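Q: Below: one structure in structure tokens.
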Number of protein chains: 4
Amino acid sequence: MAGSTIGKLFTLTTFGESHGLAIGGIIDGFPANFPIDINLIQHELDRRKPGQSKLVTQRKESDEVQFLSGIFEGKSTGSPIGFLIPNTDSKSKDYDHLKDSFRPSHADFTYEKKYGHRDHRGGGRSSARETASRVVAGALAKQLLVHQGVEIQAFVSQVGKIKLSENELEHLDLSLTESNLVRCPHPQKAKEMEDFIFETRKKGDTIGGCISCRVAGIPIGLGEPVFDKLHAELGKAMLSINAAKGFEIGSGFSGVEMYGSDHNDIFNEDGSTKTNHSGGVQGGISNGMPLEFRTAFKPIATLIKSQESIDKEGNRVVVEGKGRHDACVVPRAVPIVEAMAAIVILDFLLRQHAQSV
Amino acid sequence: MAGSTIGKLFTLTTFGESHGLAIGGIIDGFPANFPIDINLIQHELDRRKPGQSKLVTQRKESDEVQFLSGIFEGKSTGSPIGFLIPNTDSKSKDYDHLKDSFRPSHADFTYEKKYGHRDHRGGGRSSARETASRVVAGALAKQLLVHQGVEIQAFVSQVGKIKLSENELEHLDLSLTESNLVRCPHPQKAKEMEDFIFETRKKGDTIGGCISCRVAGIPIGLGEPVFDKLHAELGKAMLSINAAKGFEIGSGFSGVEMYGSDHNDIFNEDGSTKTNHSGGVQGGISNGMPLEFRTAFKPIATLIKSQESIDKEGNRVVVEGKGRHDACVVPRAVPIVEAMAAIVILDFLLRQHAQSV
Amino acid sequence: MAGSTIGKLFTLTTFGESHGLAIGGIIDGFPANFPIDINLIQHELDRRKPGQSKLVTQRKESDEVQFLSGIFEGKSTGSPIGFLIPNTDSKSKDYDHLKDSFRPSHADFTYEKKYGHRDHRGGGRSSARETASRVVAGALAKQLLVHQGVEIQAFVSQVGKIKLSENELEHLDLSLTESNLVRCPHPQKAKEMEDFIFETRKKGDTIGGCISCRVAGIPIGLGEPVFDKLHAELGKAMLSINAAKGFEIGSGFSGVEMYGSDHNDIFNEDGSTKTNHSGGVQGGISNGMPLEFRTAFKPIATLIKSQESIDKEGNRVVVEGKGRHDACVVPRAVPIVEAMAAIVILDFLLRQHAQSV
Amino acid sequence: MAGSTIGKLFTLTTFGESHGLAIGGIIDGFPANFPIDINLIQHELDRRKPGQSKLVTQRKESDEVQFLSGIFEGKSTGSPIGFLIPNTDSKSKDYDHLKDSFRPSHADFTYEKKYGHRDHRGGGRSSARETASRVVAGALAKQLLVHQGVEIQAFVSQVGKIKLSENELEHLDLSLTESNLVRCPHPQKAKEMEDFIFETRKKGDTIGGCISCRVAGIPIGLGEPVFDKLHAELGKAMLSINAAKGFEIGSGFSGVEMYGSDHNDIFNEDGSTKTNHSGGVQGGISNGMPLEFRTAFKPIATLIKSQESIDKEGNRVVVEGKGRHDACVVPRAVPIVEAMAAIVILDFLLRQHAQSV
């Protein structure tokens with residue numbers, strides 16, 4: 001496969017550039033005869049879309065999904081589900097000045113070198129706009145997972161140096177995530193994060209952040225050793241999101257400093273564990289405890305500020321972002337993280353079912 | 001695929017349990033007509049093998065690889081390369097007490113629940129012994145990559161709280177990695193790490209660690225957007241190693257706290273960059289700068305110390321490790337990290353070649 | 001994968017039902033920077049489309065392809081190529097009588113049983129309309145192959161009992177294929193075939209046929225033993241076309257009756273062979289001689305005539321085709337055979353390139 | 001994948017040359033906790049092995065399979081099953097004269113050109129010896145399928161021009177297949193075939209043949225449209241067997257001559273059909289009727305007789321087979337056809353299970 005497909009049994013293949021006619025995808029392997037609520041899918045897209053609040057980029061894209069196949073009389077048919085999201089607010093001219101220049105730390109340079117021919121408008125295929133297609137597939141997967149008792153909840157746990165403490169993380173009320181623009185379920189920290197993002201934007205700059213995700217109700221046994229471990233595929237899926245630079249599950253990087261006798265999760269008699277340093281995965285297989293993982297996002301590369309750079313010939317140029325860009329990726333990336341988690345988990349659920357002869 | 005295969009064009013499929021007759025694998029897609037130095041492969045296995053020093057587990061396994069096919073008159077034939085590593089020091093009795101019990105934070109519980117039938121001896125399929133097969137394939141890939149100018153160097157950068165500082169990381173002499181038992185190229189920190197591992201083992205406990213990896217000489221253009229990004233596949237590969245709980249590339253989790261204007265890597269006129277916060281990857285594609293990534297390993301779950309646990313019926317039991325176990329996984333995991341990196345990079349190199357019509 | 005994707009490196013994933021909004025697909029892995037002639041693609045679609053002549057079904061579908069991504073300034077970008085073909089002449093009512101009944105030897109029964117929920121209109125996903133998407137991908141692949149000197153030519157070699165003789169097959173002028181409605185390059189036999197199809201249609205019946213295909217200019221070395229042999233993948237691709245029931249390469253079923261000493265293709269000094277009983281493939285790998293293979297198509301199951309059948313409850317019913325159907329599939333299947341051949345060959349070409357390190 | 005793997009969920013990857021240390025493979029995705037009878041597997045190998053009767057090649061290979069993993073206490077563990085078959089009777093010298101020459105219609109030429117480096121001994125990787133590994137995996141799959149009520153029975157239906165008539169095919173007693181050396185369940189035709197094979201061998205020549213296969217008890221719903229149709233994957237699997245040149249299902253090439261009104265299989269009230277021209281597959285999905293398909297095998301290319309040929313430099317040479325070869329491939333290919341059928345069907349069974357959420 002050339003890289004546009006994720007999944008083995010439940011698969012998503014996406015297409016589309018930021019400034020073409022439309023983006024979209026094909027979802028294959030979704031079980032037949034399952035009732036589909038298209039409003040819920042649109043709702044997830046609205047959580048990701050630009051222009052949804054004053055905190056995010058002011059591009060106005062309606063991001064309306066059109067389903068072309070695979071759904072009949074409100075239910076899935078088992079056939080592939082094709083869908084489109086038309087590109088409506090394509091100000092291609094905003095990008096003319098970038099035609100021959102490379103933005104620092106952006107995919108401009110690597111796409112040019114790899115493919116020799118690049119749609120420079122809006123980042124082309126490397127634009128985060130592609131993730132809207134992932135949200136569609138994820139929202140579909142989520143509906144089936146909810147039906148199976150699986151609940152996926154992502155939230156912003158860090159923006160710049162503003163970070164939820166261990167104690168705050170333990171006492172979160174995740175129903176508050178959508179109560180603020182930054183999607184952090186701790187209202188006070190959320191306020192600090194928002195203020196900081198506004199401040200950063202005013203400077204023409206950008207800032208990084210982290211998204212944490214909890215998945216409750218996951219059945220025991222998902223994950224396929226030795227290479228397709230549950231957390232390995234989750235890691236791949238998260239790292240495939242634009243601007244992601246790190247992934248950890250359970251204790252992650254902080255577990256490195258612990259003794260085994262402190263880190264090991266002692267069993268309760270019902271097979272659950274007293275702690276969850278494992279983050280819900282042991283030996284690459286879900287153990288029934290909630291999945292807990294975290295993804296790190298770097299600051300967005302496109303700045304409004306001027307930056308030194310080079311053009312295709314290696315001449316020194318100055319670039320600045322004339323488009324309308326986010327100052328921090330994480331508020332809009334929350335539904336993307338949930339979508340990718342849903343895609344990976346449904347795929348493993350189907351793989352697990354396959355073995356039950 | 002059921003999880004025992006990695007790669008799309010250069011693939012490794014492994015089989016084998018800790019205490020069966022042998023472990024081994026099949027390497028497919030290795031280009032034909034390439035001279036193979038089997039001693040170099042055995043050398044990498046020796047870096048991973050138990051009993052290689054007083055720092056690691058004292059199990060005595062010779063880990064000698066036997067090639068069964070795909071190599072003729074010293075060169076690859078283009079046909080699949082089958083290989084075996086016999087299991088020689090299988091003290092199955094060391095594990096009899098674990099037959100019906102689950103070690104905390106080990107794969108015992110999840111394998112039992114997933115498969116309903118488990119080879120409990122030495123962890124069975126979940127044993128890190130399986131990684132010896134990865135080292136064979138990685139060592140083969142490395143030979144081809146070296147020929148292409150790619151150099152992969154992993155090293156221990158953290159054990160417990162003992163950690164190389166930013167400044168130390170910048171001034172490392174990687175030729176020193178093999179000069180000490182812990183495989184940290186900073187001799188003084190290496191000594192501290194070794195002492196700490198010995199001390200931990202004396203307590204019957206275990207400790208976590210980090211391995212950093214640098215890959216120089218990598219061609220521009222490796223990685224297949226949007227899902228099979230170079231760092232996404234590297235992340236999956238690293239997270240598939242036993243005990244791995246986190247992965248980051250470039251600035252990773254620390255980049256979260258940076259402004260875009262500080263984080264962006266400014267170009268030199270030749271297309272290289274002044275800094276390397278990107279870790280050699282932009283938009284999921286290598287940009288020609290060295291890959292820099294880091295993997296977090298939790299403390300090994302099997303302790304010599306007693307631990308409370310449960311058996312298959314949910315009764316409370318006490319388990320202790322009677323086998324011979326490592327107190328810290330990272331010294332022996334260095335060649336495994338290098339092997340997985342080599343496998344991923346060679347696979348992407350072949351995928352890149354495919355496009356050059 | 002759930003069955004909607006073909007190829008390993010050059011891949012096509014299709015979606016769409018006969019009577020939804022549109023059908024379409026995503027082509028991934030097409031090399032970048034290659035100039036694309038969209039008129040040539042439309043030309044191939046026109047060869048497949050209904051209503052093109054009085055010989056075929058009189059449904060009037062314009063079958064106009066719209067490209068949504070992956071092509072920029074007339075050249076491929078290396079990113080996935082998404083495309084749509086809107087469904088315009090969807091007389092869903094023609095199928096209302098089939099909602100609860102199963103046409104004999106049609107996919108009605110198996111789709112109902114497999115998926116439990118079926119879009120009965122026009123055969124839904126099982127309709128040959130899906131093959132239009134294959135023609136798009138095939139026409140794209142063909143452009144690249146022509147550039148490499150590969151020429152793919154399919155033609156009708158049999159309709160019912162009217163069949164080209166061995167002698168006629170050897171002396172064909174393949175430039176005549178498009179000179180008649182049935183796409184048989186032997187004008188006299190073509191006339192007989194056309195007459196026979198008209199006669200069959202008048203009876204409300206259908207008839208089978210064979211398509212032969214020759215591929216000249218194919219490089220030596222395509223095909224990946226042992227499972228992905230060139231003729232095995234060609235066979236799979238051909239058998240995946242609606243109504244296909246048989247495939248043979250080279251001497252095929254008639255070679256069974258030959259002695260080895262007669263069947264073996266004796267070499268010329270330049271490595272070509274005096275005969276081509278092998279059909280261009282030895283050991284699963286192309287040998288540089290033209291590929292020669294043949295696909296058998298059964299008579300179309302949907303008849304205008306009445307047929308006895310059953311409904312979902314197993315009650316006896318009488319069904320008749322009220323839609324507008326072909327009486328013989330082969331004239332319109334010629335471009336489909338060529339398309340599938342082009343897809344398979346380009347995929348193998350890329351796989352071969354991957355090995356050239 | 002580089003061609004050595006078949007299957008999506010139930011997979012077999014093979015390795016090994018005719019004259020290396022061993023051949024073997026890895027079976028992945030076999031459900032856990034299933035009791036395995038290794039004697040039945042050895043029994044299938046014995047049906048394929050050389051030297052089993054005076055009709056076949058007199059090479060004496062014991063073909064004893066050794067299982068290395070994945071089976072514990074007599075049951076599958078769900079982990080990959082690694083196995084070996086040592087090469088015992090490797091008379092490499094028999095092949096020295098072929099080192100620089102190409103046998104006509106053999107894989108010698110294409111392997112040399114594709115890989116540039118070839119193990120010429122006994123055909124190397126292109127030898128039919130590789131199929132022994134397929135028989136191991138197939139025999140394993142068959143045990144599970146038998147447990148599910150699926151019965152796979154292949155038999156020789158043609159040798160040269162000696163062929164079972166339609167009438168004979170309809171009245172076969174398949175329990176007689178193993179009652180004669182040629183594996184044709186019609187004793188009189190079997191005798192004719194045997195005599196003809198002996199006669200052909202005496203001339204130093206070879207002859208082709210056909211194997212028919214019937215699969216009873218197959219559940220409705222196997223097969224994944226549109227590309228992975230049941231008969232398309234069966235076709236690929238059969239065509240991947242050495243010397244196979246054609247495949248047909250149900251009416252196949254003869255159905256081409258039929259009218260739809262004669263060809264359509266009329267339903268009984270229980271959903272079964274009065275005839276089975278479809279061969280058990282409609283729309284690429286099993287309909288519950290027996291699968292019926294046929295595979296054509298060309299005469300073996302290696303002759304004892306002298307043949308004109310060329311060497312690597314294009315010089316004229318004369319080659320003759322000094323090894324011990326079969327005069328007709330079909331008697332020993334019967335268990336291979338059954339094995340490949342079992343592999344394909346079990347893979348689809350698992351894929352079908354995956355969808356039952």
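Chain labels A, B, ... are given in the sequence in which chains occur in the structure tokens; within each chain residues are numbered consecutively from 1, and ligands are likewise numbered from 1 in the order shown.
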Taking only residues of chain D that have an atom at most 9 Å from an atom of chain B, what is each one's shortest atom pair and its distance in Å to one decimal, using only C-alpha atoms, in chain and number order, as a Markdown table?

A:
| residue | atom | partner | partner_atom | distance |
| --- | --- | --- | --- | --- |
| D:Met1 | CA | B:Leu9 | CA | 5.0 |
| D:Ala2 | CA | B:Gly29 | CA | 4.9 |
| D:Gly3 | CA | B:Asp28 | CA | 8.0 |
| D:Ser4 | CA | B:Pro80 | CA | 7.0 |
| D:Gly7 | CA | B:Met1 | CA | 7.7 |
| D:Lys8 | CA | B:Met1 | CA | 5.3 |
| D:Leu9 | CA | B:Met1 | CA | 5.1 |
| D:Phe10 | CA | B:Ala2 | CA | 7.3 |
| D:Thr11 | CA | B:Met1 | CA | 6.7 |
| D:Thr13 | CA | B:Ile26 | CA | 7.6 |
| D:Thr14 | CA | B:Pro80 | CA | 7.6 |
| D:Phe15 | CA | B:Pro80 | CA | 5.3 |
| D:Gly16 | CA | B:Ser69 | CA | 5.0 |
| D:Glu17 | CA | B:Ser69 | CA | 6.3 |
| D:Gly20 | CA | B:Ser69 | CA | 6.1 |
| D:Leu21 | CA | B:Leu68 | CA | 5.5 |
| D:Ala22 | CA | B:Leu68 | CA | 5.9 |
| D:Ile23 | CA | B:Leu68 | CA | 7.4 |
| D:Gly24 | CA | B:Gly82 | CA | 7.9 |
| D:Gly25 | CA | B:Ile26 | CA | 7.7 |
| D:Ile26 | CA | B:Phe15 | CA | 6.8 |
| D:Ile27 | CA | B:Phe15 | CA | 8.8 |
| D:Asp28 | CA | B:Ala2 | CA | 5.8 |
| D:Gly29 | CA | B:Ala2 | CA | 4.9 |
| D:Phe30 | CA | B:Ala2 | CA | 8.6 |
| D:Pro31 | CA | B:Tyr115 | CA | 8.2 |
| D:Ala32 | CA | B:Tyr115 | CA | 5.5 |
| D:Asn33 | CA | B:His117 | CA | 5.6 |
| D:Phe67 | CA | B:Leu21 | CA | 8.5 |
| D:Leu68 | CA | B:Leu21 | CA | 5.5 |
| D:Ser69 | CA | B:Gly16 | CA | 5.0 |
| D:Gly70 | CA | B:Gly16 | CA | 7.0 |
| D:Ile71 | CA | B:Asp119 | CA | 8.6 |
| D:Phe72 | CA | B:Asp119 | CA | 6.3 |
| D:Glu73 | CA | B:Asp119 | CA | 8.6 |
| D:Lys75 | CA | B:His117 | CA | 8.0 |
| D:Ser76 | CA | B:His117 | CA | 7.8 |
| D:Thr77 | CA | B:His117 | CA | 5.6 |
| D:Gly78 | CA | B:Tyr115 | CA | 6.1 |
| D:Ser79 | CA | B:Arg125 | CA | 6.8 |
| D:Pro80 | CA | B:Phe15 | CA | 5.3 |
| D:Ile81 | CA | B:Phe15 | CA | 6.5 |
| D:Gly82 | CA | B:Phe15 | CA | 5.7 |
| D:Lys114 | CA | B:Ala32 | CA | 8.8 |
| D:Tyr115 | CA | B:Ala32 | CA | 5.5 |
| D:Gly116 | CA | B:Asn33 | CA | 6.5 |
| D:His117 | CA | B:Thr77 | CA | 5.6 |
| D:Arg118 | CA | B:Thr77 | CA | 6.0 |
| D:Asp119 | CA | B:Phe72 | CA | 6.3 |
| D:Arg125 | CA | B:Ser79 | CA | 6.8 |

Q: As a PyMOL selection string, list the residues of segment 27-164 of chain A assigned to strand (DSSP E or B) by DSSP on the backbone atoms of this structure.

A: chain A and resi 27-28+35+66-67+71-72+75-76+81-86+101-102+151-159+162-163

Q: Need the shell around Leu164 of chain B: protein/DNA/RNA residues with any atom at most 10 Å away, counting only C-alpha atoms. Skip same-chain ones fewer than 3 positions apart. Format as a PyMOL selection string?

A: chain B and resi 156-159+161+167-170+172+184-186+189-190

Q: List as a ChimeraX atom specification the protein and nucleic acid residues near Gln58 of chain B, meaning an atom at most 12 Å away when only C-alpha atoms are counted, but skip any in the same chain fewer than 2 places from it.

A: /B:49-56,60-62,89,323-327

Q: To test your reading of the structure, identify every residue in segment 36-250 of chain A that backbone DSSP assigns to helix (DSSP H, G or I), and report it as JSON, numbers by chain.

A: {"A": [38, 39, 40, 41, 42, 43, 44, 45, 46, 47, 48, 92, 93, 94, 95, 96, 97, 98, 108, 109, 110, 111, 112, 113, 114, 115, 121, 122, 123, 124, 125, 126, 128, 129, 130, 131, 132, 133, 134, 135, 136, 137, 138, 139, 140, 141, 142, 143, 144, 145, 146, 147, 166, 167, 168, 169, 170, 174, 175, 176, 177, 178, 179, 187, 188, 189, 190, 191, 192, 193, 194, 195, 196, 197, 198, 199, 200, 201, 202, 230, 231, 232, 233, 234, 235, 236, 237, 238, 239]}
